[in-house]
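final_37.cif follows (mmCIF, C-alpha atoms):
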```
data_data
#
loop_
_atom_site.label_atom_id
_atom_site.label_comp_id
_atom_site.auth_asym_id
_atom_site.auth_seq_id
_atom_site.Cartn_x
_atom_site.Cartn_y
_atom_site.Cartn_z
CA MET A 1 -26.64 0.20 -19.74
CA SER A 2 -28.28 3.53 -19.25
CA ARG A 3 -25.55 6.16 -19.35
CA THR A 4 -27.25 8.04 -16.52
CA ARG A 5 -26.38 5.32 -13.98
CA LEU A 6 -22.81 6.63 -13.73
CA LEU A 7 -21.38 10.10 -13.51
CA THR A 8 -17.85 10.91 -14.58
CA SER A 9 -15.54 13.88 -14.69
CA ASP A 10 -16.81 14.27 -18.27
CA ASP A 11 -20.21 15.15 -16.76
CA TRP A 12 -19.25 17.31 -13.77
CA PRO A 13 -16.01 18.74 -12.42
CA GLU A 14 -14.29 16.21 -10.18
CA ALA A 15 -14.41 18.60 -7.22
CA GLU A 16 -18.21 18.69 -7.43
CA LEU A 17 -18.39 14.91 -7.67
CA ARG A 18 -16.18 14.52 -4.59
CA ALA A 19 -18.28 17.08 -2.73
CA ALA A 20 -21.38 15.05 -3.59
CA VAL A 21 -19.67 12.00 -2.07
CA LEU A 22 -19.02 13.95 1.14
CA ALA A 23 -22.68 15.02 1.16
CA GLY A 24 -23.77 11.38 0.79
CA GLU A 25 -25.36 11.99 -2.62
CA LEU A 26 -22.88 9.85 -4.60
CA VAL A 27 -20.54 6.92 -4.02
CA PRO A 28 -17.37 6.17 -5.96
CA VAL A 29 -17.48 3.31 -8.47
CA GLY A 30 -13.91 2.96 -9.69
CA ALA A 31 -13.07 6.20 -11.49
CA CYS A 32 -16.79 7.08 -11.74
CA TRP A 33 -19.62 7.88 -9.32
CA ALA A 34 -23.18 6.63 -8.83
CA SER A 35 -26.15 7.07 -6.56
CA PRO A 36 -25.83 5.25 -3.23
CA ALA A 37 -29.11 3.52 -4.15
CA GLU A 38 -27.58 2.05 -7.31
CA PRO A 39 -26.75 -1.65 -6.80
CA GLN A 40 -23.02 -2.32 -7.14
CA THR A 41 -23.41 -4.99 -9.81
CA PRO A 42 -20.78 -6.39 -12.16
CA SER A 43 -22.42 -4.48 -15.02
CA LEU A 44 -22.13 -1.15 -13.16
CA ARG A 45 -18.47 -1.81 -12.28
CA ALA A 46 -17.81 -2.94 -15.87
CA ALA A 47 -19.23 0.33 -17.18
CA ALA A 48 -16.96 2.26 -14.81
CA ALA A 49 -13.92 0.23 -15.88
CA ALA A 50 -14.84 0.72 -19.55
CA TRP A 51 -14.88 4.49 -19.01
CA ALA A 52 -11.40 4.31 -17.44
CA LEU A 53 -9.97 2.05 -20.16
CA ARG A 54 -11.59 3.83 -23.14
CA ASP A 55 -9.82 1.67 -25.78
CA ALA A 56 -12.03 -1.29 -26.79
CA ARG A 57 -8.95 -3.40 -27.50
CA LEU A 58 -8.08 -3.41 -23.80
CA ILE A 59 -9.36 -6.31 -21.70
CA ALA A 60 -9.87 -5.81 -17.96
CA CYS A 61 -7.86 -8.46 -16.15
CA THR A 62 -6.38 -9.53 -12.80
CA ARG A 63 -7.40 -7.22 -9.92
CA THR A 64 -9.61 -5.04 -12.12
CA ALA A 65 -11.50 -8.09 -13.39
CA ALA A 66 -11.81 -9.38 -9.81
CA TRP A 67 -13.33 -6.01 -8.84
CA VAL A 68 -15.74 -6.09 -11.81
CA TRP A 69 -16.92 -9.57 -10.73
CA GLY A 70 -17.44 -8.33 -7.16
CA ALA A 71 -14.61 -10.28 -5.52
CA VAL A 72 -13.03 -7.15 -4.01
CA SER A 73 -14.68 -3.96 -2.86
CA ARG A 74 -12.28 -1.35 -4.26
CA ALA A 75 -11.11 -0.85 -7.80
CA PRO A 76 -7.35 -1.17 -8.11
CA GLU A 77 -5.15 1.74 -9.04
CA PRO A 78 -3.80 1.63 -11.65
CA VAL A 79 -6.44 -0.23 -13.68
CA ASP A 80 -5.19 -3.65 -14.85
CA ALA A 81 -5.68 -4.47 -18.52
CA CYS A 82 -4.25 -6.85 -21.07
CA VAL A 83 -4.14 -7.16 -24.83
CA PRO A 84 -3.57 -10.19 -27.06
CA LEU A 85 -0.06 -10.74 -28.37
CA GLY A 86 0.85 -8.31 -31.12
CA VAL A 87 -1.76 -5.67 -30.26
CA ARG A 88 -0.26 -2.27 -29.54
CA VAL A 89 -2.14 0.35 -27.55
CA HIS A 90 -1.33 3.63 -25.88
CA ALA A 91 -2.29 3.88 -22.23
CA ASP A 92 -1.61 6.55 -19.65
CA GLY A 93 -0.21 5.96 -16.17
CA ALA A 94 -3.66 5.18 -14.78
CA VAL A 95 -3.69 1.89 -16.75
CA ARG A 96 -1.20 -0.98 -16.44
CA VAL A 97 -1.21 -3.05 -19.66
CA ARG A 98 0.20 -6.55 -20.15
CA GLU A 99 0.51 -8.36 -23.45
CA LEU A 100 -0.39 -12.05 -23.26
CA VAL A 101 -1.83 -15.10 -24.97
CA ILE A 102 -5.57 -15.09 -24.38
CA ALA A 103 -8.29 -17.23 -25.95
CA ASP A 104 -11.69 -15.88 -26.95
CA GLU A 105 -13.39 -18.18 -24.42
CA ASP A 106 -11.38 -16.52 -21.61
CA VAL A 107 -13.06 -13.17 -22.25
CA VAL A 108 -16.66 -12.00 -21.90
CA ALA A 109 -18.26 -8.71 -22.91
CA LEU A 110 -20.04 -6.85 -20.14
CA GLU A 111 -21.45 -3.34 -20.63
CA GLY A 112 -19.06 -2.51 -23.44
CA LEU A 113 -16.05 -3.86 -21.55
CA ARG A 114 -14.14 -7.01 -22.37
CA VAL A 115 -13.20 -8.69 -19.12
CA THR A 116 -11.47 -11.96 -18.33
CA THR A 117 -13.74 -14.69 -16.98
CA PRO A 118 -13.60 -15.34 -13.24
CA LEU A 119 -11.70 -18.58 -13.88
CA ARG A 120 -9.08 -16.90 -16.10
CA THR A 121 -8.87 -14.03 -13.61
CA ALA A 122 -8.11 -16.40 -10.73
CA VAL A 123 -5.47 -18.29 -12.72
CA ASP A 124 -3.77 -15.05 -13.83
CA LEU A 125 -3.72 -13.72 -10.25
CA LEU A 126 -2.28 -16.98 -8.93
CA ARG A 127 0.45 -16.98 -11.59
CA SER A 128 1.31 -13.31 -11.20
CA PRO A 129 4.86 -12.64 -10.03
CA GLY A 130 3.46 -9.59 -8.23
CA ASP A 131 5.33 -6.56 -6.97
CA ARG A 132 6.71 -8.26 -3.85
CA PRO A 133 9.86 -10.32 -4.23
CA GLY A 134 9.38 -13.96 -3.23
CA GLY A 135 5.80 -13.66 -2.04
CA PHE A 136 2.20 -13.72 -3.11
CA ASP A 137 0.88 -10.17 -3.09
CA PRO A 138 -1.81 -9.95 -0.37
CA LEU A 139 -4.07 -7.98 -2.72
CA ASP A 140 -3.85 -10.75 -5.34
CA ALA A 141 -4.50 -13.36 -2.64
CA ALA A 142 -7.55 -11.42 -1.42
CA ALA A 143 -8.88 -11.17 -4.98
CA VAL A 144 -8.56 -14.93 -5.54
CA ALA A 145 -10.14 -15.65 -2.16
CA GLY A 146 -12.97 -13.26 -3.07
CA LEU A 147 -13.61 -14.99 -6.42
CA LEU A 148 -13.84 -18.31 -4.57
CA ALA A 149 -16.00 -16.86 -1.77
CA ILE A 150 -18.61 -15.41 -4.15
CA GLU A 151 -18.51 -18.70 -6.10
CA ALA A 152 -17.61 -16.99 -9.36
CA THR A 153 -15.29 -19.97 -9.83
CA SER A 154 -14.35 -22.98 -7.74
CA VAL A 155 -11.17 -24.44 -6.31
CA ASN A 156 -11.70 -27.53 -8.51
CA GLU A 157 -12.02 -25.45 -11.70
CA VAL A 158 -8.91 -23.43 -10.91
CA ALA A 159 -6.91 -26.51 -9.85
CA GLY A 160 -8.00 -28.29 -13.03
CA TRP A 161 -6.79 -25.42 -15.22
CA LEU A 162 -3.49 -25.18 -13.33
CA ALA A 163 -2.94 -28.92 -13.75
CA THR A 164 -3.08 -28.50 -17.54
CA LEU A 165 -0.33 -25.87 -17.58
CA GLY A 166 2.56 -28.30 -17.21
CA THR A 167 5.87 -26.44 -17.11
CA ILE A 168 4.51 -22.98 -17.94
CA PRO A 169 6.15 -20.42 -15.63
CA MET A 170 4.55 -19.99 -12.20
CA ALA A 171 2.21 -23.00 -12.63
CA ARG A 172 3.50 -24.96 -9.61
CA GLN A 173 3.76 -21.78 -7.56
CA ALA A 174 0.14 -21.03 -8.49
CA GLU A 175 -0.97 -24.45 -7.20
CA ARG A 176 0.71 -23.75 -3.82
CA ARG A 177 -0.88 -20.31 -3.70
CA LEU A 178 -4.30 -21.79 -4.46
CA ARG A 179 -3.94 -24.21 -1.54
CA ALA A 180 -2.98 -21.29 0.71
CA VAL A 181 -6.07 -19.19 -0.15
CA SER A 182 -8.60 -22.04 -0.49
CA PRO A 183 -11.29 -22.30 2.15
CA ARG A 184 -10.54 -25.24 4.39
#
```
Mind turning this structure into structure tokens?
Amino acid sequence: MSRTRLLTSDDWPEAELRAAVLAGELVPVGACWASPAEPQTPSLRAAAAAWALRDARLIACTRTAAWVWGAVSRAPEPVDACVPLGVRVHADGAVRVRELVIADEDVVALEGLRVTTPLRTAVDLLRSPGDRPGGFDPLDAAAVAGLLAIEATSVNEVAGWLATLGTIPMARQAERRLRAVSPR
């Protein structure tokens, strides 16, 4: 990726970047900014997420991965990331980090960012306990619906993965959630 496609607060003061947005000269891309003419591709969003995450051991996941893939229009705050079991990282309040079991085939590299595949992203979102007691977070539901709508993954692929989980926590709940967000 050409570094000039994105601007950050490392390049200009944030006040100037926000003023350029108001003037119509830039648009926000996560924590970065780009020309309005720049296509909002997964690689551009991945570069923006990589700038926010900064530590190469972090893997963009859940809502952040859904945003990178183009399933939702706005980057989540805080940025969602995960690390494999046993990896310790320092992250500030702008990054929410989870430690989990993750296979190499569940992660792809995109513009210097490791990001969960659309299938893994959908499964993780469906299994997430979320911040709302007893319910599926509407933002997680929208992200899963978006991944299905853009055909980054399919209902059959997600249902197949969930069927292999057996008694892993949230597996049956995830199947019910998938039915609720699946296109009829």
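Here atom CA of Ala71 of chain A stands at a distance of 12.9 Å from atom CA of Ser154 of chain A.
Going from atom CA of Asp92 of chain A over to atom CA of Leu119 of chain A, you cover 27.7 Å.
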Across A:Ala31, A:Val123, A:Val107, A:Leu148, the smallest distance to Val79 of chain A, with only C-alpha atoms counted, is shown by A:Ala31
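Across A:Ala180, A:Val115, A:Ala60, A:Val108, the tightest approach to Gly135 of chain A is made by A:Ala180 when counting all atoms listed in the file.
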Exercise for review: Please check which residues have atoms at most 10 Å from (-19.6, -16.0, -16.4) in the file's coordinates, counting all atoms listed in the file, and write them as a ChimeraX atom specification.
Suggested key: /A:69,106-110,116-119,152-153
Using only C-alpha atoms, please write the residues we just selected to a file, as a PDB file, in the frame of the given file.
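result_39.pdb, written as the output of this step:
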```pdb
ATOM      1  CA  TRP A  69     -16.920  -9.570 -10.730  1.00  0.00           C
ATOM      2  CA  ASP A 106     -11.380 -16.520 -21.610  1.00  0.00           C
ATOM      3  CA  VAL A 107     -13.060 -13.170 -22.250  1.00  0.00           C
ATOM      4  CA  VAL A 108     -16.660 -12.000 -21.900  1.00  0.00           C
ATOM      5  CA  ALA A 109     -18.260  -8.710 -22.910  1.00  0.00           C
ATOM      6  CA  LEU A 110     -20.040  -6.850 -20.140  1.00  0.00           C
ATOM      7  CA  THR A 116     -11.470 -11.960 -18.330  1.00  0.00           C
ATOM      8  CA  THR A 117     -13.740 -14.690 -16.980  1.00  0.00           C
ATOM      9  CA  PRO A 118     -13.600 -15.340 -13.240  1.00  0.00           C
ATOM     10  CA  LEU A 119     -11.700 -18.580 -13.880  1.00  0.00           C
ATOM     11  CA  ALA A 152     -17.610 -16.990  -9.360  1.00  0.00           C
ATOM     12  CA  THR A 153     -15.290 -19.970  -9.830  1.00  0.00           C
TER      13      THR A 153
END
```
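Straight-line separation from atom CA of Pro129 of chain A to atom CA of Gln173 of chain A: 9.5 Å.
Near Val83 of chain A, within 10 Å and counting all atoms listed in the file, sit A:Arg57, A:Leu58, A:Ile59, A:Ala60, A:Cys61, A:Arg88, A:Val89, A:Val97, A:Arg98, A:Glu99, A:Leu100, A:Val101, A:Ile102; same-chain residues fewer than 5 positions away were not included.
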Just C-alpha atoms for this one: save the residues we selected as a CSV table (one decimal), in the frame of the given file.
```csv
chain,number,residue,atom,x,y,z
A,57,ARG,CA,-9.0,-3.4,-27.5
A,58,LEU,CA,-8.1,-3.4,-23.8
A,59,ILE,CA,-9.4,-6.3,-21.7
A,60,ALA,CA,-9.9,-5.8,-18.0
A,61,CYS,CA,-7.9,-8.5,-16.2
A,88,ARG,CA,-0.3,-2.3,-29.5
A,89,VAL,CA,-2.1,0.4,-27.6
A,97,VAL,CA,-1.2,-3.0,-19.7
A,98,ARG,CA,0.2,-6.6,-20.2
A,99,GLU,CA,0.5,-8.4,-23.4
A,100,LEU,CA,-0.4,-12.0,-23.3
A,101,VAL,CA,-1.8,-15.1,-25.0
A,102,ILE,CA,-5.6,-15.1,-24.4
```
Excluding segment 64-67 of chain A and residues on its chain fewer than 3 positions from it, collect all residues at most 10 Å away from it, counting all atoms listed in the file, and give them as a PDB file with C-alpha atoms, in the frame of the given file.
```pdb
ATOM      1  CA  GLY A  30     -13.910   2.960  -9.690  1.00  0.00           C
ATOM      2  CA  PRO A  42     -20.780  -6.390 -12.160  1.00  0.00           C
ATOM      3  CA  ARG A  45     -18.470  -1.810 -12.280  1.00  0.00           C
ATOM      4  CA  ALA A  46     -17.810  -2.940 -15.870  1.00  0.00           C
ATOM      5  CA  ALA A  49     -13.920   0.230 -15.880  1.00  0.00           C
ATOM      6  CA  ILE A  59      -9.360  -6.310 -21.700  1.00  0.00           C
ATOM      7  CA  ALA A  60      -9.870  -5.810 -17.960  1.00  0.00           C
ATOM      8  CA  CYS A  61      -7.860  -8.460 -16.150  1.00  0.00           C
ATOM      9  CA  GLY A  70     -17.440  -8.330  -7.160  1.00  0.00           C
ATOM     10  CA  ALA A  71     -14.610 -10.280  -5.520  1.00  0.00           C
ATOM     11  CA  VAL A  72     -13.030  -7.150  -4.010  1.00  0.00           C
ATOM     12  CA  SER A  73     -14.680  -3.960  -2.860  1.00  0.00           C
ATOM     13  CA  ARG A  74     -12.280  -1.350  -4.260  1.00  0.00           C
ATOM     14  CA  ALA A  75     -11.110  -0.850  -7.800  1.00  0.00           C
ATOM     15  CA  PRO A  76      -7.350  -1.170  -8.110  1.00  0.00           C
ATOM     16  CA  GLU A  77      -5.150   1.740  -9.040  1.00  0.00           C
ATOM     17  CA  PRO A  78      -3.800   1.630 -11.650  1.00  0.00           C
ATOM     18  CA  VAL A  79      -6.440  -0.230 -13.680  1.00  0.00           C
ATOM     19  CA  ASP A  80      -5.190  -3.650 -14.850  1.00  0.00           C
ATOM     20  CA  ALA A  81      -5.680  -4.470 -18.520  1.00  0.00           C
ATOM     21  CA  ARG A 114     -14.140  -7.010 -22.370  1.00  0.00           C
ATOM     22  CA  VAL A 115     -13.200  -8.690 -19.120  1.00  0.00           C
ATOM     23  CA  THR A 116     -11.470 -11.960 -18.330  1.00  0.00           C
ATOM     24  CA  THR A 117     -13.740 -14.690 -16.980  1.00  0.00           C
ATOM     25  CA  PRO A 118     -13.600 -15.340 -13.240  1.00  0.00           C
ATOM     26  CA  ARG A 120      -9.080 -16.900 -16.100  1.00  0.00           C
ATOM     27  CA  THR A 121      -8.870 -14.030 -13.610  1.00  0.00           C
ATOM     28  CA  ALA A 122      -8.110 -16.400 -10.730  1.00  0.00           C
ATOM     29  CA  LEU A 125      -3.720 -13.720 -10.250  1.00  0.00           C
ATOM     30  CA  ASP A 140      -3.850 -10.750  -5.340  1.00  0.00           C
ATOM     31  CA  ALA A 142      -7.550 -11.420  -1.420  1.00  0.00           C
ATOM     32  CA  ALA A 143      -8.880 -11.170  -4.980  1.00  0.00           C
ATOM     33  CA  VAL A 144      -8.560 -14.930  -5.540  1.00  0.00           C
ATOM     34  CA  GLY A 146     -12.970 -13.260  -3.070  1.00  0.00           C
ATOM     35  CA  LEU A 147     -13.610 -14.990  -6.420  1.00  0.00           C
ATOM     36  CA  ALA A 152     -17.610 -16.990  -9.360  1.00  0.00           C
TER      37      ALA A 152
END
```
Could you list, as an MDAnalysis selection string, every residue within 9 Å of segment 22-24 of chain A, counting only C-alpha atoms and ignoring same-chain residues fewer than 4 positions away? chainID A and resid 17:18 35:36
One residue among A:Glu151, A:Arg127, A:Cys32, A:Leu165 is nearest to Leu178 of chain A when using only C-alpha atoms, and that residue is A:Arg127
Would you compute the box with edges along x, y and z of the file around segment 176-179 of chain A, including every atom the file lists for it and 6 Å extra on each side, and give its centre and edge lengths in Å to one decimal, as AutoDock Vina command-line options?
```
--center_x -1.8 --center_y -22.3 --center_z -3.0 --size_x 17.0 --size_y 15.9 --size_z 14.9
```
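In terms of minimum interatomic distance to Trp51 of chain A, A:Asp10 ranks closest within A:Asp10, A:Glu175, A:Glu105, A:Glu157, counting all atoms listed in the file.
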In terms of only C-alpha atoms, the residue from A:Ala174, A:Leu6, A:Ala47, A:Ala15 at minimal distance from Pro28 of chain A is A:Leu6
Exactly which residues make up the result of the PyMOL selection byres ((chain A and resi 38) around 10) on this file, given as a PyMOL selection string? chain A and resi 5-6+26-27+34-37+39-41+44
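Contact shell of Arg179 of chain A at 12 Å (all atoms listed in the file; same-chain neighbours under 5 positions omitted): A:Leu126, A:Ala141, A:Val144, A:Ala145, A:Leu148, A:Val155, A:Asn156, A:Val158, A:Ala159, A:Leu162, A:Arg172, A:Gln173, A:Ala174, A:Arg184.
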Could those selected residues go to a file with C-alpha atoms, as a CSV table (one decimal), keeping the file's coordinate frame?
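Wrote again_21.csv, looks like this:
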```csv
chain,number,residue,atom,x,y,z
A,126,LEU,CA,-2.3,-17.0,-8.9
A,141,ALA,CA,-4.5,-13.4,-2.6
A,144,VAL,CA,-8.6,-14.9,-5.5
A,145,ALA,CA,-10.1,-15.6,-2.2
A,148,LEU,CA,-13.8,-18.3,-4.6
A,155,VAL,CA,-11.2,-24.4,-6.3
A,156,ASN,CA,-11.7,-27.5,-8.5
A,158,VAL,CA,-8.9,-23.4,-10.9
A,159,ALA,CA,-6.9,-26.5,-9.8
A,162,LEU,CA,-3.5,-25.2,-13.3
A,172,ARG,CA,3.5,-25.0,-9.6
A,173,GLN,CA,3.8,-21.8,-7.6
A,174,ALA,CA,0.1,-21.0,-8.5
A,184,ARG,CA,-10.5,-25.2,4.4
```
Expected file for segment 10-120 of chain A keeping C-alpha atoms, as an mmCIF file, in the first residue's frame:
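Produced file part23.cif, reproduced below:
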```cif
data_model
loop_
_atom_site.group_PDB
_atom_site.id
_atom_site.type_symbol
_atom_site.label_atom_id
_atom_site.label_comp_id
_atom_site.auth_asym_id
_atom_site.auth_seq_id
_atom_site.Cartn_x
_atom_site.Cartn_y
_atom_site.Cartn_z
ATOM 1 C CA ASP A 10 1.269 11.552 12.718
ATOM 2 C CA ASP A 11 1.137 13.540 9.451
ATOM 3 C CA TRP A 12 -0.990 16.554 10.397
ATOM 4 C CA PRO A 13 -2.518 17.854 13.614
ATOM 5 C CA GLU A 14 -5.900 16.238 14.204
ATOM 6 C CA ALA A 15 -7.640 19.630 14.199
ATOM 7 C CA GLU A 16 -6.422 20.254 10.646
ATOM 8 C CA LEU A 17 -7.544 16.800 9.538
ATOM 9 C CA ARG A 18 -11.015 17.365 11.002
ATOM 10 C CA ALA A 19 -11.180 20.783 9.344
ATOM 11 C CA ALA A 20 -10.344 19.126 6.021
ATOM 12 C CA VAL A 21 -13.274 16.750 6.601
ATOM 13 C CA LEU A 22 -15.589 19.714 7.167
ATOM 14 C CA ALA A 23 -14.257 21.285 3.960
ATOM 15 C CA GLY A 24 -14.973 18.067 2.046
ATOM 16 C CA GLU A 25 -11.294 17.457 1.290
ATOM 17 C CA LEU A 26 -10.961 14.304 3.435
ATOM 18 C CA VAL A 27 -13.167 11.541 4.802
ATOM 19 C CA PRO A 28 -12.540 9.537 7.958
ATOM 20 C CA VAL A 29 -11.324 5.953 7.554
ATOM 21 C CA GLY A 30 -11.302 4.537 11.064
ATOM 22 C CA ALA A 31 -8.726 6.545 13.017
ATOM 23 C CA CYS A 32 -7.207 7.845 9.752
ATOM 24 C CA TRP A 33 -8.323 10.034 6.849
ATOM 25 C CA ALA A 34 -8.287 9.719 3.060
ATOM 26 C CA SER A 35 -9.375 11.552 -0.048
ATOM 27 C CA PRO A 36 -13.102 11.252 -0.789
ATOM 28 C CA ALA A 37 -12.052 9.874 -4.191
ATOM 29 C CA GLU A 38 -10.168 6.982 -2.568
ATOM 30 C CA PRO A 39 -12.195 3.755 -2.823
ATOM 31 C CA GLN A 40 -13.120 2.392 0.609
ATOM 32 C CA THR A 41 -11.613 -1.042 0.011
ATOM 33 C CA PRO A 42 -10.723 -3.710 2.556
ATOM 34 C CA SER A 43 -7.039 -2.913 1.989
ATOM 35 C CA LEU A 44 -7.556 0.782 2.802
ATOM 36 C CA ARG A 45 -9.542 -0.049 5.950
ATOM 37 C CA ALA A 46 -6.928 -2.661 6.919
ATOM 38 C CA ALA A 47 -4.179 -0.046 6.632
ATOM 39 C CA ALA A 48 -6.184 2.285 8.876
ATOM 40 C CA ALA A 49 -6.776 -0.477 11.434
ATOM 41 C CA ALA A 50 -3.078 -1.419 11.324
ATOM 42 C CA TRP A 51 -2.170 2.182 12.157
ATOM 43 C CA ALA A 52 -4.547 2.097 15.150
ATOM 44 C CA LEU A 53 -3.326 -1.294 16.398
ATOM 45 C CA ARG A 54 0.415 -0.675 15.833
ATOM 46 C CA ASP A 55 1.511 -3.998 17.416
ATOM 47 C CA ALA A 56 1.915 -6.692 14.734
ATOM 48 C CA ARG A 57 0.963 -9.391 17.241
ATOM 49 C CA LEU A 58 -2.571 -8.001 17.420
ATOM 50 C CA ILE A 59 -5.172 -9.504 15.094
ATOM 51 C CA ALA A 60 -8.190 -7.420 14.085
ATOM 52 C CA CYS A 61 -11.310 -9.371 14.997
ATOM 53 C CA THR A 62 -15.080 -9.174 15.548
ATOM 54 C CA ARG A 63 -16.537 -5.739 14.671
ATOM 55 C CA THR A 64 -13.191 -4.339 13.521
ATOM 56 C CA ALA A 65 -12.683 -7.283 11.154
ATOM 57 C CA ALA A 66 -16.266 -6.891 9.904
ATOM 58 C CA TRP A 67 -15.494 -3.226 9.161
ATOM 59 C CA VAL A 68 -12.252 -4.134 7.368
ATOM 60 C CA TRP A 69 -14.171 -6.598 5.158
ATOM 61 C CA GLY A 70 -16.774 -3.912 4.365
ATOM 62 C CA ALA A 71 -19.692 -5.445 6.273
ATOM 63 C CA VAL A 72 -20.312 -2.283 8.317
ATOM 64 C CA SER A 73 -19.731 1.320 7.369
ATOM 65 C CA ARG A 74 -18.158 2.670 10.564
ATOM 66 C CA ALA A 75 -15.115 1.454 12.417
ATOM 67 C CA PRO A 76 -15.947 0.407 15.966
ATOM 68 C CA GLU A 77 -14.626 2.256 18.967
ATOM 69 C CA PRO A 78 -12.687 0.844 20.675
ATOM 70 C CA VAL A 79 -10.870 -1.223 18.039
ATOM 71 C CA ASP A 80 -11.408 -4.972 18.554
ATOM 72 C CA ALA A 81 -8.304 -7.152 18.512
ATOM 73 C CA CYS A 82 -7.270 -10.575 19.700
ATOM 74 C CA VAL A 83 -4.061 -12.442 20.378
ATOM 75 C CA PRO A 84 -3.333 -16.169 20.523
ATOM 76 C CA LEU A 85 -3.287 -17.788 23.951
ATOM 77 C CA GLY A 86 -0.174 -16.910 25.915
ATOM 78 C CA VAL A 87 0.707 -13.761 23.963
ATOM 79 C CA ARG A 88 0.916 -10.668 26.144
ATOM 80 C CA VAL A 89 0.595 -7.191 24.684
ATOM 81 C CA HIS A 90 0.091 -3.697 26.012
ATOM 82 C CA ALA A 91 -2.819 -1.798 24.532
ATOM 83 C CA ASP A 92 -4.317 1.551 25.419
ATOM 84 C CA GLY A 93 -8.009 2.243 25.991
ATOM 85 C CA ALA A 94 -8.635 2.694 22.271
ATOM 86 C CA VAL A 95 -8.068 -1.061 21.737
ATOM 87 C CA ARG A 96 -10.050 -3.909 23.305
ATOM 88 C CA VAL A 97 -7.933 -7.102 23.321
ATOM 89 C CA ARG A 98 -9.158 -10.667 23.848
ATOM 90 C CA GLU A 99 -6.950 -13.713 24.244
ATOM 91 C CA LEU A 100 -8.239 -16.781 22.403
ATOM 92 C CA VAL A 101 -7.459 -19.979 20.550
ATOM 93 C CA ILE A 102 -6.994 -19.101 16.893
ATOM 94 C CA ALA A 103 -5.662 -21.214 14.031
ATOM 95 C CA ASP A 104 -3.383 -19.857 11.321
ATOM 96 C CA GLU A 105 -6.039 -20.581 8.676
ATOM 97 C CA ASP A 106 -8.465 -18.259 10.525
ATOM 98 C CA VAL A 107 -6.231 -15.247 9.905
ATOM 99 C CA VAL A 108 -5.162 -13.461 6.721
ATOM 100 C CA ALA A 109 -2.641 -10.670 6.227
ATOM 101 C CA LEU A 110 -3.959 -7.567 4.531
ATOM 102 C CA GLU A 111 -1.865 -4.398 4.181
ATOM 103 C CA GLY A 112 0.319 -5.225 7.155
ATOM 104 C CA LEU A 113 -2.650 -6.143 9.340
ATOM 105 C CA ARG A 114 -3.572 -9.615 10.481
ATOM 106 C CA VAL A 115 -7.342 -9.920 10.384
ATOM 107 C CA THR A 116 -9.704 -12.802 11.040
ATOM 108 C CA THR A 117 -11.309 -14.301 7.946
ATOM 109 C CA PRO A 118 -14.922 -13.354 7.262
ATOM 110 C CA LEU A 119 -16.044 -16.833 8.349
ATOM 111 C CA ARG A 120 -14.132 -16.686 11.652
#
```
